[in-house]
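Before any comments, here is the structure.
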Amino acid sequence: MSKATDELFKNVISHAKEYGFVFPSSEIYDGLSAVYDYGQNGSELKNNIKTYWWKSMVQMHENIVGIDAAIFMHPTTWKASGHVDGFSDPMIDNKDSKKRYRADQLLEDRIAKYEAEGKTEKAAQLQQEMDDALKAENLPRLKELIIEQEIACPVSGTRNWTDVRQFNLMFSTQMGAVADDADVVYLRPETAQGIFVNYLNVQKSGRMKIPFGIAQIGKAFRNEVIARQFIIRMREFEQMEMQFFVRPGTQKEWFNKWKETRLKWHLALGTAPEKYRYHEHTKLAHYADAAYDIEFEFPFGFKEVEGIHSRTDFDLSQHQKFSGKKMQYFDPELGEDGKPYGNYIPYVIETSIGLDRMFLLTLINAYEEEDLSTEEKQDSRTVLRLHPVLAPVKAAIFPLTKKDGLPEKAREIMDKLKLDFNIQYEEKDAIGKRYRRQDAIGTPFCITVDHQTLEDNTVTIRYRDTMTQERVPADDLEKIIGDKVSWKNVLK
RNA sequence: GCGGAAAUAGCUCAGUAGGUAGAGCAUCAGUUUCCCAAACUGAAGGCCGCGGGUUCGAAUCCCGUUUUCCGCUCCA
């Protein structure tokens, strides 16, 4: 990260706090690591991003519907999805090299070594002991095994180990009033499973026919080993996901279609295309047969914002296995051989975008420190060039001075506009200062009421991006603003 | 989790031979102002991150702790 971009990123973070976009969580108690709150302008912007996504995914596709599943889910869900076994790793650190290892992998390496040396009996015995310890979640026993086997750190060569600790991706809590092991439930680490477990409900109640999609926006929770870089990696975050169910064999074409559709969604906001790129996963997760990320160039480099994954029939098959409920779909359409496609478990294409990352992307992309200096005077302004559909406040209305009936007239105009748009009224400070304050939160229009307004009911409208102004009839404002902030501009 | 750095008003920061805290901007109340920030007057605002120790006395020295930043480590 260069000094200039480093500086820019820091400025965006303090701007976000200063203007009510993002605050550190529980700040009066020194904050809570990697948790953030959205402020008065941040929540407006976030809601607008959600609306844009929801409209373009659900409203614009007649074969996609939206749901809102609970964060708590039956614990078996996470056994089926692979989260319980796959993401609770026993970790151990070497105190000298400061390197961290998975305790089970250190032992696996030793087993492999025994096998290579032909000591199969020793290998089998250790394997058994390790499996027992893992099964019983006996962490001290794992450490004993590492000590007994005299396993040394490959880097430092020492056997100076910390205790074995469990790294759990998922947050757990108790469901009942009385704490009991049987009542442990997890806070979902991804929203996707809420869609998969409702696949049958939605398909039947909505009489959905393959191909169809289920969309959802919601919170998810992950215990990150290390969470940093502002809201890029948070412990509590929000996802906007859509699972698209397709006929087996057609996943590749649907994958390509969604890959393109999703990038278009990003570009429709007017972001420079060179800021985006695709990143192909070469190492695929256990459930995927293809995966692309859409990455955005943040000040600290390209980072994933959205993933498009071909998840095969893994999830539905797993849920069928664990729940005993048939996840099959009967496809009556005739294939090339003139026979119906019949029963199958659908394949799934997932589009999953991090709302908080999208939020940060939007803020960084919009943020500009503009130098307005002339020969006589040094001047600058900070402006958020947000797309008008996303701007938290659509227009601000100012009386030029706070006397002569101008405030009353301004409020009268505002009362009409506020029925359609989020409007702010300000009468304090010099007019220029008020303009600049609105620039800082990305308000696209400022409307000023002056003495002429009292005579002919015209006002000046000042544009954020160009800082130019025009005189227009007050009665035209609804249409002028409405045209610019209409969702049509980005959905078409 | 490890190592390094930092923490003083809402923000940016001053404040060392240890002696009861200061500026600019922002805020609030007025004045002025008919269109692009920093005009005038006044006011308010500070467990100097938190806890302990040394000292007659600590923002300042020592120890611990929390949070943030930078590296490393981990990551679907």
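Chain lettering (A, B, ...) mirrors the order of the structure tokens, residue numbering begins at 1 for each chain separately, and ligand numbering begins at 1 in order of display.
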Near-A:Ala103 list (6 Å; only C-alpha atoms (C1' of nucleotides); drop same-chain fewer than 4 positions) as a PDB file with C-alpha atoms, in the first residue's frame:
```
ATOM      1  CA  PRO A  90      -7.324 -27.691  17.035  1.00  0.00           C
ATOM      2  CA  MET A  91      -4.546 -25.112  16.822  1.00  0.00           C
ATOM      3  CA  ILE A  92      -1.131 -25.113  18.458  1.00  0.00           C
TER       4      ILE A  92
END
```
Considering only C-alpha atoms (C1' of nucleotides), return as a PyMOL selection string whatever protein or nucleic-acid residues lie within 10 Å of A:Thr362, sequence-local ones (same chain, fewer than 2 positions apart) excluded. chain A and resi 45-46+49+266+269+271+356-360+364-367+384-387+390
I need the residues of stretch 143-370 of chain A that end up classed as helix (DSSP H, G or I) by DSSP on the backbone, written out as a PyMOL selection string.
chain A and resi 143-148+181-183+192-196+199-205+230-232+251-267+273-275+314-323+355-366
Determine which residues of chain B sit within 10 Å of chain A, taking into account only C-alpha atoms (C1' of nucleotides), and present them as a PyMOL selection string. chain B and resi 1-3+10-11+33-38+49-50+66-69+72-76
- Item | Coordinates-based distance that separates atom CA of A:Ile195 from atom CA of A:Met242 (Å, one decimal) |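 Answer for the atom CA of A:Met242 to atom CA of A:Ile195 separation: 8.4 Å.
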Distance query stretch 394-397 of chain A at most 8 Å, only C-alpha atoms (C1' of nucleotides), self and fewer than 5 positions along chain excluded, as number ranges by chain: A: 388, 410, 414, 421-426, 438, 443-449, 481, 485
Please identify which residues in stretch 228-335 of chain A DSSP calls strand (DSSP E or B) from the backbone, and express them as JSON, numbers by chain. {"A": [236, 237, 238, 239, 240, 241, 242, 243, 244, 245, 246, 276, 277, 278, 279, 280, 290, 291, 292, 293, 294, 295, 296, 297, 298, 301, 302, 303, 304, 305, 306, 307, 308, 309, 310, 311, 312, 329, 330, 331, 332, 333, 334]}
